[in-house]
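Below is the file model09.txt, which contains compact mmCIF, C-alpha atoms.
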# COMPACT_ATOMS: atom_id res chain seq x y z
CA MET A 1 -28.65 36.87 -3.32
CA ASN A 2 -26.83 34.71 -0.76
CA LYS A 3 -29.35 32.59 1.11
CA GLY A 4 -26.94 31.27 3.73
CA ILE A 5 -26.80 27.72 5.05
CA LYS A 6 -30.11 27.48 6.95
CA ALA A 7 -31.43 23.97 6.38
CA ASP A 8 -34.71 23.17 8.08
CA LYS A 9 -35.31 20.18 5.85
CA ILE A 10 -32.28 18.31 7.18
CA ALA A 11 -33.37 15.76 9.80
CA ASP A 12 -31.52 16.94 12.91
CA ARG A 13 -33.42 16.37 16.18
CA VAL A 14 -31.53 19.02 18.12
CA ARG A 15 -32.18 21.68 15.48
CA SER A 16 -35.87 20.87 15.19
CA GLN A 17 -36.35 20.76 18.99
CA GLY A 18 -34.19 23.78 19.76
CA SER A 19 -35.01 27.45 19.35
CA ALA A 20 -34.95 28.90 15.84
CA ALA A 21 -33.08 31.97 17.13
CA ASP A 22 -30.25 29.79 18.51
CA ASN A 23 -30.10 27.83 15.23
CA LYS A 24 -29.82 31.11 13.34
CA LEU A 25 -27.01 32.45 15.52
CA ILE A 26 -25.08 29.20 15.17
CA ASP A 27 -25.61 29.24 11.37
CA ARG A 28 -24.39 32.86 11.15
CA GLU A 29 -21.16 31.97 12.96
CA THR A 30 -20.61 28.98 10.67
CA GLU A 31 -21.27 31.10 7.57
CA GLY A 32 -18.82 33.75 8.78
CA ARG A 33 -16.11 31.14 9.27
CA ILE A 34 -16.68 29.57 5.83
CA GLN A 35 -16.53 33.08 4.30
CA ARG A 36 -13.24 33.85 6.08
CA PHE A 37 -11.64 30.60 4.96
CA ALA A 38 -12.68 31.12 1.32
CA GLY A 39 -9.70 33.43 0.86
CA LYS A 40 -7.18 31.30 2.75
CA SER A 41 -4.63 28.70 1.69
CA SER A 42 -5.16 24.91 1.58
CA GLU A 43 -2.93 24.52 4.64
CA GLU A 44 -5.03 26.91 6.70
CA ILE A 45 -8.23 25.17 5.57
CA THR A 46 -6.74 21.79 6.48
CA GLY A 47 -5.92 23.17 9.94
CA GLN A 48 -9.52 24.26 10.41
CA ILE A 49 -10.85 20.87 9.22
CA ASP A 50 -8.67 19.15 11.85
CA ALA A 51 -10.03 21.55 14.49
CA LEU A 52 -13.62 20.75 13.43
CA GLU A 53 -12.97 17.02 13.83
CA ARG A 54 -11.81 17.65 17.40
CA GLU A 55 -14.71 20.03 18.24
CA TRP A 56 -16.96 18.86 21.08
CA ASP A 57 -20.43 18.23 19.69
CA MET A 58 -23.77 18.20 21.52
CA GLU A 59 -23.83 14.40 22.02
CA ARG A 60 -20.37 14.29 23.54
CA LEU A 61 -21.10 17.17 25.88
CA LEU A 62 -24.48 15.77 27.00
CA GLU A 63 -23.03 12.30 27.61
CA THR A 64 -20.18 13.68 29.69
CA ASN A 65 -22.46 16.08 31.58
CA ALA A 66 -25.09 13.41 32.32
CA SER A 67 -22.61 10.78 33.47
CA ILE A 68 -20.72 13.16 35.78
CA LEU A 69 -23.98 14.44 37.35
CA SER A 70 -25.13 10.86 37.83
CA LEU A 71 -21.84 9.79 39.40
CA ALA A 72 -22.12 12.77 41.75
CA GLY A 73 -25.62 11.64 42.80
CA LEU A 74 -24.41 8.09 43.36
CA SER A 75 -21.43 9.29 45.42
CA ALA A 76 -23.69 11.52 47.52
CA PHE A 77 -25.85 8.47 48.24
CA ALA A 78 -22.80 6.40 49.18
CA GLY A 79 -21.70 9.13 51.58
CA SER A 80 -25.07 9.94 53.16
CA GLN A 81 -26.97 6.64 52.74
CA ASN A 82 -29.97 8.82 51.89
CA LYS A 83 -31.91 7.12 49.10
CA LYS A 84 -33.24 10.44 47.84
CA TRP A 85 -29.85 11.01 46.20
CA LEU A 86 -30.63 8.17 43.79
CA ILE A 87 -33.37 10.34 42.28
CA LEU A 88 -30.70 12.54 40.67
CA PRO A 89 -29.11 9.85 38.44
CA GLY A 90 -32.60 8.44 37.80
CA VAL A 91 -33.87 11.76 36.45
CA VAL A 92 -30.68 12.55 34.52
CA MET A 93 -30.68 9.15 32.81
CA SER A 94 -34.37 9.43 31.89
CA PHE A 95 -33.66 12.76 30.18
CA LEU A 96 -30.73 11.22 28.31
CA VAL A 97 -33.07 8.59 26.85
CA GLN A 98 -35.54 11.32 25.93
CA HIS A 99 -32.74 13.20 24.20
CA SER A 100 -31.63 10.19 22.16
CA VAL A 101 -35.18 9.42 21.02
CA GLN A 102 -36.68 12.87 20.64
CA GLY A 103 -33.83 15.40 20.71
CA TRP A 104 -34.75 17.57 23.67
CA CYS A 105 -33.42 17.45 27.24
CA PRO A 106 -33.14 20.23 29.89
CA PRO A 107 -29.48 21.23 29.39
CA MET A 108 -29.80 21.22 25.58
CA PRO A 109 -31.20 24.80 25.18
CA LEU A 110 -28.45 26.16 27.45
CA PHE A 111 -25.71 24.40 25.47
CA ARG A 112 -27.24 25.75 22.22
CA LYS A 113 -27.08 29.27 23.64
CA LEU A 114 -23.41 28.65 24.35
CA GLY A 115 -22.95 27.76 20.66
CA VAL A 116 -22.57 23.98 20.97
CA ARG A 117 -23.24 22.40 17.58
CA THR A 118 -24.51 18.99 16.53
CA ARG A 119 -22.11 16.67 14.71
CA GLN A 120 -24.22 17.17 11.56
CA GLU A 121 -23.72 20.94 11.73
CA ILE A 122 -19.97 20.52 12.25
CA GLU A 123 -19.75 18.06 9.35
CA ARG A 124 -21.57 20.52 7.08
CA GLU A 125 -18.92 23.17 7.79
CA LYS A 126 -16.22 20.55 7.22
CA TYR A 127 -17.55 19.57 3.78
CA ALA A 128 -18.00 23.24 2.86
CA LEU A 129 -14.30 23.75 3.64
CA LYS A 130 -13.37 20.62 1.70
CA ALA A 131 -15.25 22.04 -1.30
CA LEU A 132 -13.35 25.34 -0.92
CA ARG A 133 -10.06 23.40 -0.72
CA GLY A 134 -10.98 21.85 -4.08
CA ASP A 135 -11.59 18.27 -2.89
CA PHE A 136 -14.65 17.99 -5.16
CA ASP A 137 -13.08 19.56 -8.26
CA GLN A 138 -12.09 16.25 -9.83
CA ILE A 139 -15.64 14.98 -9.85
CA SER A 140 -17.45 18.22 -10.53
CA GLU A 141 -17.10 18.21 -14.28
CA ASP A 142 -20.27 16.24 -14.95
CA ASP A 143 -23.52 15.96 -13.15
CA PHE A 144 -23.40 12.22 -13.36
CA ALA A 145 -26.43 11.26 -11.31
CA GLY A 146 -28.48 9.12 -13.63
CA SER A 147 -25.81 9.28 -16.31
CA GLU A 148 -23.89 6.29 -17.58
CA HIS A 149 -22.06 4.27 -14.94
CA ASN A 150 -18.46 5.29 -14.61
CA PRO A 151 -16.51 3.38 -11.94
CA GLN A 152 -13.64 5.87 -12.04
CA LYS A 153 -15.99 8.73 -11.11
CA VAL A 154 -17.17 6.78 -8.08
CA ASP A 155 -13.56 6.22 -6.99
CA GLU A 156 -12.91 9.96 -7.30
CA MET A 157 -16.00 10.66 -5.23
CA ILE A 158 -14.94 8.23 -2.48
CA GLU A 159 -11.52 9.91 -2.52
CA ALA A 160 -13.13 13.35 -2.19
CA VAL A 161 -15.07 12.53 0.99
CA LYS A 162 -12.01 11.12 2.78
CA ALA A 163 -10.47 13.48 5.36
CA MET B 16 -22.08 3.88 -2.25
CA ARG B 17 -21.12 2.18 -5.48
CA GLY B 18 -24.65 0.83 -5.84
CA TYR B 19 -25.97 4.37 -6.26
CA ALA B 20 -23.65 5.47 -9.09
CA ARG B 21 -26.35 4.64 -11.64
CA SER B 22 -29.31 5.89 -9.61
CA SER B 23 -31.54 8.84 -10.46
CA ARG B 24 -31.51 12.13 -8.53
CA GLU B 25 -34.73 11.12 -6.77
CA GLU B 26 -33.27 7.82 -5.57
CA ILE B 27 -30.17 9.60 -4.27
CA THR B 28 -32.30 12.23 -2.49
CA ALA B 29 -34.33 9.47 -0.82
CA ARG B 30 -31.10 7.79 0.31
CA ILE B 31 -29.80 11.09 1.75
CA GLU B 32 -33.00 11.51 3.79
CA GLU B 33 -32.69 7.94 5.01
CA LEU B 34 -29.08 8.59 6.09
CA GLU B 35 -30.14 11.68 8.08
CA ARG B 36 -32.66 9.59 10.00
CA GLU B 37 -30.24 6.69 10.58
CA TRP B 38 -29.53 5.98 14.27
CA SER B 39 -25.89 6.67 15.09
CA ILE B 40 -23.75 4.80 17.65
CA GLU B 41 -23.89 7.92 19.88
CA GLN B 42 -27.69 7.88 19.89
CA LEU B 43 -27.73 4.16 20.60
CA ILE B 44 -25.39 4.58 23.59
CA GLU B 45 -27.62 7.38 24.92
CA SER B 46 -30.54 4.93 24.96
CA GLU B 47 -28.79 1.71 25.96
CA ALA B 48 -26.67 3.11 28.82
CA PRO B 49 -29.57 4.80 30.69
CA MET B 50 -31.67 1.62 30.39
CA MET B 51 -28.89 -0.39 32.07
CA ALA B 52 -28.30 2.34 34.65
CA LEU B 53 -32.00 2.73 35.50
CA THR B 54 -32.37 -1.04 35.94
CA GLY B 55 -29.40 -1.04 38.31
CA LEU B 56 -30.71 1.98 40.21
CA GLY B 57 -34.14 0.36 40.62
CA LEU B 58 -32.70 -2.92 41.87
CA GLY B 59 -30.26 -1.01 44.09
CA ALA B 60 -33.05 0.95 45.72
CA ALA B 61 -35.53 -1.93 46.04
CA VAL B 62 -33.48 -5.12 46.48
CA SER B 63 -29.83 -4.72 47.43
CA ARG B 64 -27.31 -1.89 47.28
CA LYS B 65 -24.87 -4.25 45.59
CA PHE B 66 -26.82 -3.63 42.37
CA LEU B 67 -25.59 -0.01 42.41
CA VAL B 68 -22.29 -1.31 41.08
CA LEU B 69 -24.04 -1.56 37.69
CA PRO B 70 -25.02 2.14 37.33
CA ALA B 71 -21.64 3.18 38.74
CA PHE B 72 -19.96 1.17 35.99
CA VAL B 73 -22.33 2.49 33.30
CA PHE B 74 -21.79 6.15 34.33
CA SER B 75 -18.01 5.68 34.24
CA MET B 76 -18.20 4.13 30.78
CA VAL B 77 -20.45 6.90 29.40
CA ALA B 78 -18.07 9.52 30.82
CA LEU B 79 -15.17 7.67 29.20
CA HIS B 80 -17.03 7.62 25.87
CA GLY B 81 -17.72 11.35 26.09
CA ILE B 82 -14.17 12.28 27.01
CA GLN B 83 -12.10 9.73 25.14
CA GLY B 84 -14.40 7.93 22.68
CA TRP B 85 -14.11 4.35 23.94
CA TYR B 86 -17.15 2.40 25.12
CA PRO B 87 -17.36 -1.36 25.87
CA MET B 88 -20.47 -1.97 23.72
CA ILE B 89 -19.08 -0.33 20.56
CA PRO B 90 -17.73 -3.61 19.05
CA VAL B 91 -21.18 -5.19 19.52
CA PHE B 92 -23.00 -2.18 18.04
CA ARG B 93 -20.64 -2.12 15.07
CA ARG B 94 -21.25 -5.79 14.40
CA LEU B 95 -24.96 -4.96 14.34
CA GLY B 96 -24.20 -2.39 11.60
CA PHE B 97 -24.36 0.87 13.59
CA ARG B 98 -22.08 3.74 12.51
CA SER B 99 -20.92 7.01 14.01
CA ARG B 100 -22.55 10.25 12.80
CA GLN B 101 -19.29 11.14 11.05
CA GLU B 102 -19.36 7.92 9.04
CA ILE B 103 -23.02 8.41 8.14
CA ASP B 104 -22.33 11.98 7.00
CA ARG B 105 -19.36 10.84 4.90
CA GLU B 106 -21.75 8.65 2.92
CA LYS B 107 -24.29 11.49 2.83
CA PHE B 108 -21.83 13.95 1.32
CA ALA B 109 -20.61 11.33 -1.16
CA MET B 110 -24.27 10.97 -2.22
CA LYS B 111 -24.55 14.76 -2.51
CA ALA B 112 -21.43 14.85 -4.69
CA LEU B 113 -22.92 12.05 -6.81
CA ARG B 114 -26.12 14.09 -7.14
CA GLY B 115 -24.00 16.94 -8.49
CA ASP B 116 -24.35 19.30 -5.49
CA PHE B 117 -20.64 20.17 -5.58
CA LYS B 118 -20.25 20.83 -9.28
CA ASP B 119 -19.32 24.33 -10.44
CA ILE B 120 -17.98 25.37 -7.01
CA GLN B 121 -14.78 26.70 -8.55
CA ALA B 122 -16.46 28.30 -11.55
CA GLY B 123 -17.05 31.62 -9.82
CA SER B 124 -13.51 32.01 -8.48
CA SER B 125 -11.68 32.95 -11.70
CA ASN B 126 -12.10 36.70 -11.25
CA GLY B 127 -10.83 36.56 -7.67
CA ASP B 128 -14.27 37.31 -6.26
CA GLN B 129 -14.97 34.87 -3.44
CA SER B 130 -18.57 35.81 -2.75
CA GLU B 131 -19.99 33.87 -5.71
CA ARG B 132 -17.95 30.81 -4.71
CA VAL B 133 -19.07 31.08 -1.07
CA ALA B 134 -22.72 31.35 -2.20
CA ARG B 135 -22.29 28.15 -4.23
CA VAL B 136 -20.76 26.34 -1.24
CA PHE B 137 -23.64 27.47 1.00
CA GLU B 138 -26.08 26.21 -1.60
CA ALA B 139 -24.24 22.85 -1.75
CA ILE B 140 -24.50 22.19 2.00
CA ARG B 141 -28.00 23.63 2.49
CA THR B 142 -30.04 20.54 1.62
Show me, as structure tokens, the structure contained in the file I just sent.
Amino acid sequence: MNKGIKADKIADRVRSQGSAADNKLIDRETEGRIQRFAGKSSEEITGQIDALEREWDMERLLETNASILSLAGLSAFAGSQNKKWLILPGVVMSFLVQHSVQGWCPPMPLFRKLGVRTRQEIEREKYALKALRGDFDQISEDDFAGSEHNPQKVDEMIEAVKA
Amino acid sequence: MRGYARSSREEITARIEELEREWSIEQLIESEAPMMALTGLGLGAAVSRKFLVLPAFVFSMVALHGIQGWYPMIPVFRRLGFRSRQEIDREKFAMKALRGDFKDIQAGSSNGDQSERVARVFEAIRT
């Protein structure tokens, strides 16, 4: 039975703070994509890996969103000289700190609903595709954790995780 | 990475969990930039408006980081040993490969049936 890619044990603040239903939807989409690419050529998989590296993740989106909102508040203050406008960047920046420490901030649930993934989630899809492309085949012959030290195996492993 | 080639499964698993909790450069920027900006906003509101130049600069730099990836503090953070999430995950997946998570991925593909192979890939990235 295929158990999917759900991974609640992985330390990912956005996943643990966000709604389980949104996590599930995002996982389903990722699983569907991995499934589709399982039958495709190396070139097509490489194209998708490049697209994943360019995908906007949650951190990027929140940073851009927070800084633009804050700049808007600051500009409104400059135009109106009303100090109340400074509350906007103050609040936005406080939430950004909260997000970095704890994972949650007000726009986060909305972005999750829109399907925005964390970098960790994107990287998991990327390494799944790399496995499908055969990047790990060279090193998959032995389970060498705890086995005798083999420097060549380590070189192959470092090669496998390169893009 | 090389230091772990001789380690046991348990040691590798502990390292993977440590990597997942490691603070990335992105997280650090999201803490450092607001601290600077809030200081500037406070001084701007209480002392002199000239201090608002500081948050204006910080907001522009965070926007630049989000859009283009560059941020003035990155060289300092890197010297302190901070890495991007992508770099941390590269080490994590190397550790997973070392643990044997990616072995036998191709074994199920000989009969042309992809579902067994996909299930193995899901299993490999699940933990």
8 Å contact set for Ala78 (chain B), all atoms listed in the file, chain neighbours under 2 positions out, as a PDB file with C-alpha atoms, in the coordinates of the input:
ATOM      1  CA  GLU A  63     -23.030  12.300  27.610  1.00  0.00           C
ATOM      2  CA  THR A  64     -20.180  13.680  29.690  1.00  0.00           C
ATOM      3  CA  ASN A  65     -22.460  16.080  31.580  1.00  0.00           C
ATOM      4  CA  SER A  67     -22.610  10.780  33.470  1.00  0.00           C
ATOM      5  CA  ILE A  68     -20.720  13.160  35.780  1.00  0.00           C
TER       6      ILE A  68
ATOM      7  CA  PHE B  74     -21.790   6.150  34.330  1.00  0.00           C
ATOM      8  CA  SER B  75     -18.010   5.680  34.240  1.00  0.00           C
ATOM      9  CA  MET B  76     -18.200   4.130  30.780  1.00  0.00           C
ATOM     10  CA  HIS B  80     -17.030   7.620  25.870  1.00  0.00           C
ATOM     11  CA  GLY B  81     -17.720  11.350  26.090  1.00  0.00           C
ATOM     12  CA  ILE B  82     -14.170  12.280  27.010  1.00  0.00           C
TER      13      ILE B  82
END
message: If I take CA of Gly18 (chain B) and CA of Phe92 (chain B), how far is one from the other in Å, to one decimal?
response: 24.1 Å
Selection: 8 Å around Ser99 (chain B), all atoms listed in the file, excl. self and same-chain fewer than 4 positions, as a PyMOL selection string: chain B and resi 39-41+103
- request: Determine, counting all atoms listed in the file, every residue of protein, DNA or RNA that lies within 9 Å of (-19.2, 14.6, 18.0) in the file coordinates, then give the result as a PyMOL selection string.
  value: (chain A and resi 53-61+117-120+122) or (chain B and resi 41+81+99-101)
Distance in Å - CA of Ala71 (chain B) versus CA of Phe111 (chain A): 25.4 Å
field: 12 Å contact set for Gly32 (chain A), all atoms listed in the file, chain neighbours under 6 positions out, as a list in words
entry: Gly4, Ile5, Leu25, Ile26, Ala38 and Glu125 of chain A; Ser130, Val133, Ala134 and Phe137 of chain B
Check every residue of chain B for an atom within 6 Å of chain A, counting all atoms listed in the file, and provide those that qualify as a short mmCIF file (atom, residue, chain, number, x, y, z; two decimals) with C-alpha atoms, in the frame of the given file.
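Okay, part.cif is ready:
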data_model
loop_
_atom_site.label_atom_id
_atom_site.label_comp_id
_atom_site.auth_asym_id
_atom_site.auth_seq_id
_atom_site.Cartn_x
_atom_site.Cartn_y
_atom_site.Cartn_z
CA ARG B 21 -26.35 4.64 -11.64
CA SER B 22 -29.31 5.89 -9.61
CA SER B 23 -31.54 8.84 -10.46
CA ARG B 24 -31.51 12.13 -8.53
CA GLU B 35 -30.14 11.68 8.08
CA GLN B 42 -27.69 7.88 19.89
CA GLU B 45 -27.62 7.38 24.92
CA SER B 46 -30.54 4.93 24.96
CA PRO B 49 -29.57 4.80 30.69
CA PHE B 74 -21.79 6.15 34.33
CA ALA B 78 -18.07 9.52 30.82
CA GLY B 81 -17.72 11.35 26.09
CA LEU B 113 -22.92 12.05 -6.81
CA ARG B 114 -26.12 14.09 -7.14
CA GLY B 115 -24.00 16.94 -8.49
CA LYS B 118 -20.25 20.83 -9.28
CA ALA B 134 -22.72 31.35 -2.20
CA VAL B 136 -20.76 26.34 -1.24
CA PHE B 137 -23.64 27.47 1.00
CA ARG B 141 -28.00 23.63 2.49
#
Between CA of Ala139 (chain B) and CA of Gln121 (chain B) - distance in Å to one decimal: 12.3 Å
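Proximity to Trp38 (chain B) at 8 Å, evaluated using all atoms listed in the file and with sequence-adjacent residues fewer than 3 positions away removed, yields Gln42, Leu43, Phe97 and Arg98 of chain B.
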Store the residues picked out above, limited to C-alpha atoms, as a compact mmCIF listing (two decimals), keeping the file's coordinate frame.
# COMPACT_ATOMS: atom_id res chain seq x y z
CA GLN B 42 -27.69 7.88 19.89
CA LEU B 43 -27.73 4.16 20.60
CA PHE B 97 -24.36 0.87 13.59
CA ARG B 98 -22.08 3.74 12.51
message: I'd like the contact shell of Leu56 (chain B) - 6 Å cut-off, all atoms listed in the file, skipping same-chain residues fewer than 3 positions apart - returned as a VMD selection string.
response: chain B and resid 53 59 67
Keeping C-alpha atoms, export the residues of the selection given above as a tab-separated table (two decimals), keeping the file's coordinate frame.
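Result file is part_30.tsv:
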chain	number	residue	atom	x	y	z
B	53	LEU	CA	-32.00	2.73	35.50
B	59	GLY	CA	-30.26	-1.01	44.09
B	67	LEU	CA	-25.59	-0.01	42.41
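The nearest approach to Glu32 (chain B) among the residues B:Ala61, B:Met50, B:Met110, B:Leu69, with all atoms listed in the file taken into account, belongs to B:Met110.
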